[in-house]
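K.L.:
Structure file start-v4.txt (compact mmCIF, C-alpha atoms) is given on the next line.
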```txt
# COMPACT_ATOMS: atom_id res chain seq x y z
CA MET Q 136 0.00 0.00 0.00
CA SER Q 137 1.22 3.50 -0.83
CA GLU Q 138 2.18 5.94 1.91
CA TYR Q 139 -0.12 8.47 0.23
CA CYS Q 140 -3.88 8.44 0.50
CA LEU Q 141 -4.44 10.32 -2.74
CA GLU Q 142 -2.11 11.17 -5.59
CA PHE Q 143 -2.65 13.11 -8.79
CA LYS Q 144 0.09 12.53 -11.36
CA ASN Q 145 0.23 14.79 -14.43
CA VAL Q 146 -3.54 14.98 -14.67
CA ASN Q 147 -4.88 16.95 -17.57
CA GLY Q 148 -8.52 16.89 -18.46
CA LYS Q 149 -11.03 18.76 -20.52
CA ASN Q 150 -14.79 18.54 -20.25
CA ARG Q 151 -17.50 20.68 -21.79
CA SER Q 152 -16.98 23.70 -19.59
CA PHE Q 153 -13.61 23.39 -17.93
CA SER Q 154 -10.04 22.09 -18.14
CA LEU Q 155 -7.69 20.83 -15.46
CA LYS Q 156 -4.11 21.57 -16.34
CA ASP Q 157 -1.14 19.49 -15.24
CA VAL Q 158 -2.33 18.78 -11.69
CA ASN Q 159 0.19 17.06 -9.43
CA PHE Q 160 -0.07 16.49 -5.69
CA LYS Q 161 0.17 13.84 -2.98
CA LEU Q 162 -1.85 13.71 0.21
CA GLU Q 163 -0.57 11.94 3.29
CA PRO Q 164 -3.08 10.27 5.62
CA GLY Q 165 -4.15 12.00 8.83
CA PHE Q 166 -4.23 15.62 7.68
CA ILE Q 167 -6.76 18.17 6.55
CA TYR Q 168 -5.91 19.58 3.14
CA ALA Q 169 -7.67 22.57 1.65
CA ILE Q 170 -7.87 23.85 -1.88
CA ALA Q 171 -8.73 27.51 -2.02
CA GLY Q 172 -9.61 29.62 -4.98
CA GLU Q 173 -12.19 31.87 -6.50
CA ASN Q 174 -15.46 30.61 -7.90
CA GLY Q 175 -14.76 28.96 -11.22
CA ALA Q 176 -11.13 28.16 -10.43
CA GLY Q 177 -11.68 24.42 -10.85
CA LYS Q 178 -11.93 23.20 -7.25
CA THR Q 179 -15.18 21.30 -7.71
CA THR Q 180 -14.00 19.98 -11.07
CA LEU Q 181 -10.94 18.49 -9.40
CA MET Q 182 -13.17 16.71 -6.90
CA GLN Q 183 -15.38 15.43 -9.70
CA TYR Q 184 -12.33 13.77 -11.26
CA ILE Q 185 -11.75 11.89 -8.01
CA LEU Q 186 -15.42 10.97 -7.80
CA ARG Q 187 -15.22 9.66 -11.37
CA ALA Q 188 -17.92 11.93 -12.70
CA PHE Q 189 -15.54 12.79 -15.56
CA LYS Q 190 -13.78 9.89 -17.16
CA HIS Q 191 -11.71 11.54 -19.83
CA TYR Q 192 -8.34 12.69 -18.62
CA THR Q 193 -4.68 11.93 -19.16
CA GLY Q 194 -2.35 11.15 -16.31
CA ASN Q 195 -3.15 9.04 -13.28
CA ILE Q 196 -5.15 9.39 -10.10
CA PHE Q 197 -4.16 6.99 -7.35
CA PHE Q 198 -6.14 6.18 -4.23
CA GLU Q 199 -3.99 4.38 -1.64
CA GLY Q 200 -1.54 3.45 -4.35
CA GLU Q 201 -4.07 2.03 -6.81
CA ASP Q 202 -5.07 3.75 -10.02
CA ILE Q 203 -8.76 4.60 -9.78
CA ALA Q 204 -9.42 4.29 -13.52
CA GLY Q 205 -12.14 1.71 -14.09
CA LYS Q 206 -12.63 1.13 -10.37
CA HIS Q 207 -15.39 3.56 -9.49
CA SER Q 208 -17.43 1.40 -7.16
CA ASP Q 209 -14.37 -0.08 -5.40
CA VAL Q 210 -12.91 3.37 -4.77
CA MET Q 211 -16.17 5.01 -3.72
CA ALA Q 212 -16.63 2.40 -0.99
CA HIS Q 213 -13.81 4.17 0.89
CA ILE Q 214 -14.51 7.78 -0.01
CA GLY Q 215 -17.06 9.98 1.68
CA PHE Q 216 -18.39 12.97 -0.20
CA VAL Q 217 -20.04 15.89 1.53
CA SER Q 218 -21.53 18.55 -0.69
CA GLU Q 219 -24.68 20.39 -1.58
CA ASP Q 220 -24.63 18.42 -4.88
CA ASN Q 221 -24.87 15.10 -3.08
CA GLN Q 222 -28.38 13.65 -3.39
CA PHE Q 223 -30.01 11.40 -0.88
CA LEU Q 224 -33.49 9.87 -0.84
CA PRO Q 225 -35.57 13.03 -0.49
CA ASP Q 226 -38.68 11.72 1.24
CA ARG Q 227 -36.91 9.36 3.57
CA SER Q 228 -35.71 10.17 7.05
CA ALA Q 229 -32.08 10.22 8.11
CA ILE Q 230 -32.38 6.68 9.44
CA GLN Q 231 -34.32 5.36 6.44
CA ASN Q 232 -31.71 6.83 4.10
CA ALA Q 233 -28.97 5.02 5.97
CA LYS Q 234 -30.92 1.73 6.07
CA CYS Q 235 -31.39 1.87 2.29
CA LEU Q 236 -28.02 3.19 1.19
CA SER Q 237 -26.02 1.03 3.62
CA TYR Q 238 -26.71 -1.91 1.31
CA PHE Q 239 -23.99 -0.52 -0.96
CA TYR Q 240 -21.33 -0.62 1.76
CA ASP Q 241 -19.76 -3.69 3.33
CA ASP Q 242 -18.63 -1.82 6.46
CA PHE Q 243 -21.55 0.42 7.32
CA ASP Q 244 -21.87 0.92 11.09
CA MET Q 245 -25.47 1.85 11.91
CA ASP Q 246 -24.75 2.33 15.60
CA LEU Q 247 -21.96 4.77 14.77
CA TYR Q 248 -24.29 6.57 12.37
CA LYS Q 249 -26.95 7.00 15.06
CA LYS Q 250 -24.30 8.16 17.51
CA MET Q 251 -23.01 10.74 15.00
CA LEU Q 252 -26.53 11.99 14.27
CA GLU Q 253 -27.05 12.53 17.98
CA LYS Q 254 -23.69 14.25 18.33
CA LEU Q 255 -24.45 16.56 15.41
CA ASP Q 256 -27.95 17.20 16.70
CA ILE Q 257 -29.83 15.70 13.75
CA LYS Q 258 -33.15 14.04 14.53
CA GLN Q 259 -33.24 10.47 13.19
CA GLY Q 260 -36.79 10.94 11.91
CA SER Q 261 -36.13 14.19 9.98
CA THR Q 262 -37.04 13.92 6.29
CA TYR Q 263 -34.03 14.70 4.11
CA HIS Q 264 -35.55 17.24 1.73
CA LYS Q 265 -37.02 19.20 4.63
CA MET Q 266 -33.66 19.56 6.37
CA SER Q 267 -31.78 22.86 6.21
CA ARG Q 268 -28.53 22.99 4.24
CA GLY Q 269 -26.50 22.69 7.41
CA GLU Q 270 -28.48 19.69 8.61
CA LYS Q 271 -28.00 17.97 5.25
CA ILE Q 272 -24.25 18.56 5.42
CA LYS Q 273 -24.14 17.13 8.95
CA MET Q 274 -26.17 14.10 7.91
CA GLN Q 275 -23.87 13.49 4.96
CA LEU Q 276 -20.87 13.75 7.27
CA ALA Q 277 -22.42 11.26 9.70
CA PHE Q 278 -23.08 8.93 6.77
CA ALA Q 279 -19.52 9.26 5.47
CA ILE Q 280 -18.08 8.50 8.90
CA ALA Q 281 -20.40 5.54 9.41
CA HIS Q 282 -19.23 3.79 6.24
CA LYS Q 283 -15.61 4.11 7.41
CA SER Q 284 -14.38 6.52 4.74
CA ARG Q 285 -10.62 6.76 4.46
CA LEU Q 286 -10.83 9.92 2.38
CA LEU Q 287 -13.37 12.63 3.12
CA LEU Q 288 -14.08 15.09 0.33
CA LEU Q 289 -15.85 18.25 1.39
CA ASP Q 290 -16.85 20.49 -1.47
CA GLU Q 291 -17.72 23.97 -0.19
CA ALA Q 292 -19.38 22.21 2.74
CA THR Q 293 -19.22 25.24 5.02
CA ALA Q 294 -20.29 27.85 2.48
CA GLY Q 295 -23.09 30.05 3.77
CA LEU Q 296 -23.27 28.31 7.14
CA ASP Q 297 -23.07 29.84 10.57
CA PRO Q 298 -19.79 30.04 12.55
CA VAL Q 299 -21.07 27.68 15.26
CA PHE Q 300 -21.61 24.95 12.69
CA ARG Q 301 -18.20 25.51 11.13
CA ILE Q 302 -16.44 25.13 14.48
CA GLU Q 303 -18.46 22.00 15.18
CA LEU Q 304 -17.63 20.53 11.77
CA PHE Q 305 -13.90 20.94 12.18
CA LYS Q 306 -14.05 19.63 15.75
CA VAL Q 307 -15.78 16.47 14.53
CA MET Q 308 -13.21 16.04 11.76
CA ARG Q 309 -10.27 16.43 14.16
CA GLU Q 310 -11.79 13.88 16.55
CA LEU Q 311 -12.31 11.49 13.66
CA MET Q 312 -8.74 11.91 12.49
CA ALA Q 313 -7.45 11.29 15.99
CA GLU Q 314 -9.29 7.96 16.10
CA GLU Q 315 -8.87 6.80 12.49
CA ASN Q 316 -6.20 7.66 9.95
CA VAL Q 317 -8.60 9.62 7.77
CA THR Q 318 -7.55 12.22 5.19
CA VAL Q 319 -9.72 15.23 4.52
CA LEU Q 320 -9.63 17.22 1.32
CA MET Q 321 -11.85 20.25 1.31
CA THR Q 322 -12.50 23.11 -1.03
CA SER Q 323 -13.41 26.59 0.04
CA HIS Q 324 -13.06 30.17 -1.01
CA ASN Q 325 -12.87 31.29 2.63
CA MET Q 326 -9.15 31.81 3.26
CA SER Q 327 -9.44 32.73 6.94
CA GLU Q 328 -11.38 29.57 7.72
CA ILE Q 329 -8.83 27.48 5.86
CA GLU Q 330 -5.87 29.06 7.56
CA LYS Q 331 -7.29 28.49 11.05
CA ASN Q 332 -8.61 24.97 10.62
CA THR Q 333 -6.57 23.03 8.11
CA ASP Q 334 -3.05 21.63 7.96
CA TYR Q 335 -2.10 22.30 4.33
CA THR Q 336 -3.45 24.67 1.71
CA ALA Q 337 -3.04 25.00 -2.04
CA ILE Q 338 -4.41 27.66 -4.32
CA MET Q 339 -6.27 26.80 -7.49
CA LYS Q 340 -6.58 29.20 -10.38
CA ASP Q 341 -7.83 28.63 -13.93
CA GLY Q 342 -7.57 24.87 -13.59
CA ARG Q 343 -4.01 24.92 -12.26
CA LEU Q 344 -3.21 23.86 -8.71
CA GLY Q 345 -0.28 25.33 -6.80
CA GLU Q 346 1.76 23.36 -4.30
CA PHE Q 347 0.38 22.49 -0.90
CA HIS Q 348 2.02 24.49 1.88
CA GLU Q 349 1.43 24.53 5.61
CA SER Q 350 -1.59 26.59 6.58
CA ILE Q 351 -0.66 29.62 8.63
CA MET B 745 -13.60 -2.96 -27.29
CA LYS B 746 -15.18 -2.36 -23.91
CA VAL B 747 -16.82 -5.45 -22.48
CA PHE B 748 -19.49 -5.27 -19.82
CA LYS B 749 -20.02 -7.87 -17.15
CA ILE B 750 -22.98 -8.46 -14.91
CA ASP B 751 -21.61 -7.95 -11.43
CA GLU B 752 -23.77 -10.28 -9.35
CA ARG B 753 -22.44 -8.81 -6.10
CA GLN B 754 -23.59 -5.34 -7.14
CA GLN B 755 -26.86 -6.72 -8.46
CA LYS B 756 -27.53 -8.25 -5.04
CA LYS B 757 -26.77 -4.93 -3.34
CA ILE B 758 -29.05 -3.04 -5.72
CA GLU B 759 -31.80 -5.61 -5.14
CA GLY B 760 -31.43 -5.18 -1.36
CA PHE B 761 -31.49 -1.41 -1.69
CA PHE B 762 -34.72 -1.33 -3.70
CA LYS B 763 -36.38 -3.92 -1.47
CA GLU B 764 -35.65 -1.75 1.58
CA GLU B 765 -36.53 1.52 -0.14
CA LEU B 766 -39.83 0.27 -1.56
CA SER B 767 -40.85 -1.08 1.84
CA TYR B 768 -41.30 2.58 2.87
CA ASP B 769 -43.32 3.45 -0.22
CA GLN B 770 -47.04 3.09 0.47
CA ASN B 771 -47.85 3.66 -3.21
CA ALA B 772 -45.68 0.76 -4.47
CA PRO B 773 -48.36 -1.99 -4.21
CA ILE B 774 -50.97 0.30 -5.81
CA LEU B 775 -48.66 1.09 -8.70
CA LYS B 776 -48.04 -2.61 -9.19
CA TYR B 777 -51.78 -3.36 -9.40
CA VAL B 778 -52.35 -0.47 -11.80
CA ALA B 779 -49.49 -1.70 -13.97
CA CYS B 780 -50.91 -5.24 -13.99
CA LEU B 781 -54.38 -3.93 -14.84
CA LEU B 782 -53.05 -1.93 -17.78
CA ALA B 783 -50.97 -4.86 -18.95
CA GLY B 784 -54.07 -7.07 -18.75
CA ILE B 785 -56.14 -4.67 -20.87
CA ALA B 786 -53.30 -4.36 -23.34
CA MET B 787 -52.88 -8.11 -23.59
CA MET B 788 -56.56 -8.51 -24.47
CA LEU B 789 -56.16 -6.10 -27.35
CA LEU B 790 -52.90 -7.67 -28.43
CA LEU B 791 -54.44 -11.17 -28.45
CA VAL B 792 -56.73 -10.27 -31.30
CA PRO B 793 -55.33 -11.54 -34.63
CA PHE B 794 -54.11 -8.83 -36.89
CA ARG B 795 -56.39 -9.86 -39.71
CA ALA B 796 -59.59 -9.67 -37.65
CA TRP B 797 -59.67 -5.93 -37.68
CA GLU B 798 -58.53 -5.35 -41.26
CA GLU B 799 -57.80 -1.65 -41.37
CA ASP B 800 -58.28 -1.25 -37.67
CA GLY B 801 -55.82 -4.03 -36.86
CA ALA B 802 -52.78 -1.81 -36.83
CA ARG B 803 -54.49 0.92 -34.85
CA LEU B 804 -55.77 -1.43 -32.16
CA SER B 805 -52.40 -3.10 -31.88
CA ILE B 806 -50.78 0.29 -31.43
CA ILE B 807 -53.32 1.21 -28.76
CA GLY B 808 -52.61 -2.10 -27.07
CA TYR B 809 -48.90 -1.44 -27.17
CA VAL B 810 -49.31 2.09 -25.79
CA ILE B 811 -51.39 0.78 -22.89
CA PHE B 812 -48.83 -1.97 -22.25
CA ALA B 813 -45.97 0.53 -22.40
CA GLY B 814 -47.86 2.75 -19.96
CA GLY B 815 -48.28 -0.12 -17.51
CA LEU B 816 -44.65 -1.10 -17.88
CA SER B 817 -43.51 2.47 -17.40
CA ILE B 818 -45.61 2.84 -14.24
CA ASN B 819 -44.16 -0.37 -12.83
CA ASN B 820 -40.58 0.45 -13.80
CA SER B 821 -40.69 4.03 -12.58
CA LYS B 822 -40.04 2.80 -9.07
CA TYR B 823 -36.54 1.81 -10.20
CA LYS B 824 -35.85 5.07 -12.03
CA THR B 825 -37.01 8.09 -10.05
CA ARG B 826 -38.48 9.11 -6.79
CA ALA B 827 -40.95 11.98 -6.51
CA ILE B 828 -40.60 14.49 -3.72
CA ASN B 829 -43.91 14.63 -1.85
CA ASN B 830 -46.01 17.78 -2.24
CA THR B 831 -43.78 19.10 -5.02
CA ASN B 832 -43.52 18.58 -8.77
CA LYS B 833 -39.90 17.55 -8.44
CA TYR B 834 -38.29 14.18 -9.05
CA VAL B 835 -34.90 12.79 -8.20
CA SER B 836 -33.43 10.02 -10.29
CA PHE B 837 -31.70 7.04 -8.75
CA MET B 838 -28.78 7.73 -11.07
CA ASP B 839 -28.31 11.03 -9.24
CA ILE B 840 -28.85 9.51 -5.81
CA THR B 841 -26.27 6.80 -6.41
CA ARG B 842 -23.77 8.93 -8.35
CA PHE B 843 -21.37 9.30 -5.41
CA LEU B 844 -21.99 5.86 -3.98
CA PRO B 845 -20.06 2.65 -4.76
CA VAL B 846 -22.58 1.73 -7.47
CA ASP B 847 -21.78 1.29 -11.14
CA PRO B 848 -24.53 3.11 -13.13
CA VAL B 849 -24.27 0.41 -15.79
CA GLN B 850 -25.17 -2.23 -13.17
CA LEU B 851 -28.17 -0.14 -12.17
CA ILE B 852 -29.43 -0.17 -15.75
CA ILE B 853 -28.72 -3.90 -16.05
CA PHE B 854 -30.84 -4.37 -12.92
CA ARG B 855 -33.72 -2.50 -14.55
CA ILE B 856 -33.36 -4.49 -17.77
CA ARG B 857 -33.44 -7.74 -15.82
CA LYS B 858 -36.55 -6.59 -13.98
CA ILE B 859 -38.49 -5.99 -17.17
CA PHE B 860 -37.11 -8.83 -19.29
CA LYS B 861 -38.95 -11.71 -17.62
CA PRO B 862 -42.46 -10.16 -17.48
CA CYS B 863 -42.06 -8.78 -21.02
CA ALA B 864 -40.87 -12.13 -22.36
CA ILE B 865 -43.77 -13.96 -20.70
CA CYS B 866 -46.37 -11.45 -21.96
CA MET B 867 -44.83 -11.58 -25.42
CA LEU B 868 -45.02 -15.38 -25.56
CA ILE B 869 -48.61 -15.46 -24.29
CA SER B 870 -49.66 -12.81 -26.79
CA MET B 871 -47.87 -14.52 -29.67
CA VAL B 872 -49.17 -18.02 -28.94
CA PHE B 873 -52.79 -17.01 -28.40
CA ARG B 874 -52.73 -14.63 -31.32
CA CYS B 875 -51.49 -17.37 -33.62
CA LEU B 876 -53.96 -19.92 -32.27
CA VAL B 877 -56.95 -17.61 -32.70
CA SER B 878 -55.73 -16.42 -36.06
CA TYR B 879 -55.32 -19.99 -37.33
CA ALA B 880 -58.64 -21.11 -35.88
CA ALA B 881 -60.49 -18.16 -37.40
CA TYR B 882 -58.76 -17.76 -40.74
CA GLY B 883 -56.79 -20.93 -41.29
CA MET B 884 -53.66 -18.89 -41.69
CA LEU B 885 -51.23 -16.73 -39.80
CA SER B 886 -50.07 -13.23 -40.51
CA PRO B 887 -46.44 -12.20 -40.00
CA TRP B 888 -47.77 -9.38 -37.84
CA ASP B 889 -49.06 -11.98 -35.38
CA PHE B 890 -45.39 -12.62 -34.60
CA ILE B 891 -43.84 -9.24 -35.26
CA LEU B 892 -46.18 -7.08 -33.21
CA PRO B 893 -45.95 -9.00 -29.93
CA LEU B 894 -42.20 -9.44 -30.30
CA GLY B 895 -41.56 -5.84 -31.24
CA SER B 896 -43.97 -4.00 -29.01
CA ILE B 897 -43.89 -6.15 -25.87
CA LEU B 898 -40.25 -7.21 -25.80
CA VAL B 899 -37.97 -5.37 -28.18
CA ILE B 900 -39.13 -1.79 -27.74
CA PRO B 901 -39.15 -1.84 -23.90
CA LEU B 902 -35.68 -3.42 -23.87
CA LEU B 903 -34.44 -0.95 -26.49
CA THR B 904 -35.60 1.96 -24.36
CA GLU B 905 -33.49 0.69 -21.46
CA GLY B 906 -30.72 -0.20 -23.87
CA ILE B 907 -30.42 3.44 -24.94
CA ALA B 908 -29.87 4.44 -21.32
CA PHE B 909 -27.33 1.62 -21.03
CA ALA B 910 -25.41 2.75 -24.12
CA ASN B 911 -25.23 6.32 -22.81
CA HIS B 912 -23.61 5.24 -19.59
CA TRP B 913 -21.42 2.52 -21.01
```
Please re-express this file's structure in C-alpha cells.
P.N.:
Amino acid sequence: MSEYCLEFKNVNGKNRSFSLKDVNFKLEPGFIYAIAGENGAGKTTLMQYILRAFKHYTGNIFFEGEDIAGKHSDVMAHIGFVSEDNQFLPDRSAIQNAKCLSYFYDDFDMDLYKKMLEKLDIKQGSTYHKMSRGEKIKMQLAFAIAHKSRLLLLDEATAGLDPVFRIELFKVMRELMAEENVTVLMTSHNMSEIEKNTDYTAIMKDGRLGEFHESI
Amino acid sequence: MKVFKIDERQQKKIEGFFKEELSYDQNAPILKYVACLLAGIAMMLLLVPFRAWEEDGARLSIIGYVIFAGGLSINNSKYKTRAINNTNKYVSFMDITRFLPVDPVQLIIFRIRKIFKPCAICMLISMVFRCLVSYAAYGMLSPWDFILPLGSILVIPLLTEGIAFANHW
C-alpha cells in the first residue's frame, strides 16, 4: 500500500466547460488539506475527477496506491463525499436513508451513524428534503463517517453556514482523524477559515493547482 | 472494445437497496396493481389476430402497445425516479447513487433484468394465443401476429433501457 492516501500525477482533463491543467499532488493520511480559490477556479472539477464523474483525462489518479481508472465502485466504498450536490433519498428520514443506502457498503456501522446523528444534533426521523442545508451537510458527514471513509471530500461544505456549525464541523473532523487515519480534502473560497482549521493549503486558479504548503 | 459484465455482487446490493426503499413506499403496491391492470387490458387487445380488424388491426395493436408501455412504465418508474412529496420535483436514482459505490451500468442492467422476464412472458402469451386464434379463425397466420408482440412487448421496452445503457457505457 502506498504511503499516500491520494495522488494526482500529471492529470490533464477537458470537459464541456472546464479544463484541469497538469495537476500534481500527494496527500498523506491523517491531515486536513484545503484547496482555495475563487469561484470557477476548478476546485469542484478536481473533486469530480476523483469521484469519477468525468472519465476523460490523461495522467493518473491513485487512491492508496491504486489507479482509480475503471474502479469507481471499489474506490467510492472508501470515499465519503459531503456537498450540496450530493443527493439522498428526499422523502426518507435520516435513518431510512442510511438503512437503504447502507446496502452498498460492506462496512456500514449503523450504531456509529446514530451516535453521530445525535452528536451533530440531527433528529433520526427528519425527512431529508425538509432539512436545512446545514443539517443535510451534517447528515452526509455522519453517513460518510459511518461507512468508514478513508478519504473525506468536502466540497464547499461550510459555504453560507453559521460560525457555530463551522467550528463543530472541524471539531468532529479532528476527533475522527485522531481515532482513524482519515484524510480530509476540502474546497473553500474562505481563506481565513482554511488558515485556522486546516493543515495544508493550495491555491487553485484557472484549472491549475499550486503546491500544498502549511496553513498559517 | 469495452466489455461489460454483470456484477452479481452489485446486483444483489441493488436488489437489497430497492427492497428496503420500496418497503417505505405506500404507493408501491398500488402502482403494481395499476401496472398489472393496464398490462391485462393491453394483452386482451394484443391477443386479437391482426387480420380480424382489417384496417383497424394496426391501430388497435398500437393502442394495445401504448397501454402496455404505460403499464410497464408505471411499474418500472419505481426503479428510475423518486418523486418528492407535495412538489412537482423528481430525483433520479442515477443522481442519488452517483457518489456511492454503485456502477450506473449495473443499475441499468438491474432495470433491464426486472423488465425482461415479465415482457418475455407477456410476449409469448400474446404470440401463442394470437397465432392460435388467427389460425382457428382464418386458417392462416399473418407475420404481424409474430412481429407485433415481439416488437412492441419485448424489443421496444428493452431498447428503451438499452439506450440508457449505451449512454452510460
K.L.:
What lies within 10 Å of Cys140 (chain Q) using all atoms listed in the file, ignoring chain neighbours under 3 positions off, as a VMD selection string?
P.N.:
chain Q and resid 136 to 137 161 to 165 197 to 201 285 to 286 316 to 319
K.L.:
Determine, using only C-alpha atoms, which residues of chain Q have any atom at most 7 Å from an atom of chain B, and tabulate each with its shortest atom pair and distance in Å to one decimal place, rows ordered by chain and then rising number, as JSON lines.
P.N.:
```
{"residue": "Q:Leu186", "atom": "CA", "partner": "B:Phe843", "partner_atom": "CA", "distance": 6.6}
{"residue": "Q:His207", "atom": "CA", "partner": "B:Pro845", "partner_atom": "CA", "distance": 6.7}
{"residue": "Q:Ser208", "atom": "CA", "partner": "B:Pro845", "partner_atom": "CA", "distance": 3.8}
{"residue": "Q:Asp209", "atom": "CA", "partner": "B:Pro845", "partner_atom": "CA", "distance": 6.3}
{"residue": "Q:Met211", "atom": "CA", "partner": "B:Pro845", "partner_atom": "CA", "distance": 4.7}
{"residue": "Q:Ala212", "atom": "CA", "partner": "B:Pro845", "partner_atom": "CA", "distance": 5.1}
{"residue": "Q:Gln222", "atom": "CA", "partner": "B:Ile840", "partner_atom": "CA", "distance": 4.8}
{"residue": "Q:Phe223", "atom": "CA", "partner": "B:Ile840", "partner_atom": "CA", "distance": 5.4}
{"residue": "Q:Leu224", "atom": "CA", "partner": "B:Ile840", "partner_atom": "CA", "distance": 6.8}
{"residue": "Q:Pro225", "atom": "CA", "partner": "B:Ile828", "partner_atom": "CA", "distance": 6.2}
{"residue": "Q:Asp226", "atom": "CA", "partner": "B:Ile828", "partner_atom": "CA", "distance": 6.0}
{"residue": "Q:Cys235", "atom": "CA", "partner": "B:Phe761", "partner_atom": "CA", "distance": 5.2}
{"residue": "Q:Leu236", "atom": "CA", "partner": "B:Phe761", "partner_atom": "CA", "distance": 6.4}
{"residue": "Q:Tyr238", "atom": "CA", "partner": "B:Lys757", "partner_atom": "CA", "distance": 5.5}
{"residue": "Q:Phe239", "atom": "CA", "partner": "B:Lys757", "partner_atom": "CA", "distance": 5.7}
```
K.L.:
Residues within 9 Å of (-44.7, -3.5, -26.5), file coordinates, counting all atoms listed in the file: what are they? Give the list as a list in words.
P.N.:
Ile806, Gly808, Tyr809, Val810, Ile811, Phe812, Ala813, Leu816, Cys863, Met867, Leu892, Pro893, Leu894, Gly895, Ser896, Ile897, Leu898, Val899, Ile900 and Pro901 of chain B
K.L.:
What lies within 8 Å of region 345-348 of chain Q using all atoms listed in the file, ignoring chain neighbours under 6 positions off, as JSON, numbers by chain?
P.N.:
{"Q": [160, 335, 336, 337, 338, 339]}
K.L.:
Would you list the residues near (-34.6, 2.3, -11.5) (no more than 7 Å away, in the coordinates of the file, using all atoms listed in the file) as number ranges by chain?
P.N.:
B: 820-825, 837, 851, 855
K.L.:
To one decimal in Å, tell me the separation between CA of Ile774 (chain B) and CA of Ser237 (chain Q).
P.N.:
26.7 Å
K.L.:
Would you please work out which residue, of Q:His282, Q:Lys156, Q:His213, Q:Lys265, is nearest to Asp244 (chain Q) when using all atoms listed in the file?
P.N.:
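Among Q:His282, Q:Lys156, Q:His213, Q:Lys265, it is Q:His282 that comes nearest to Asp244 (chain Q).
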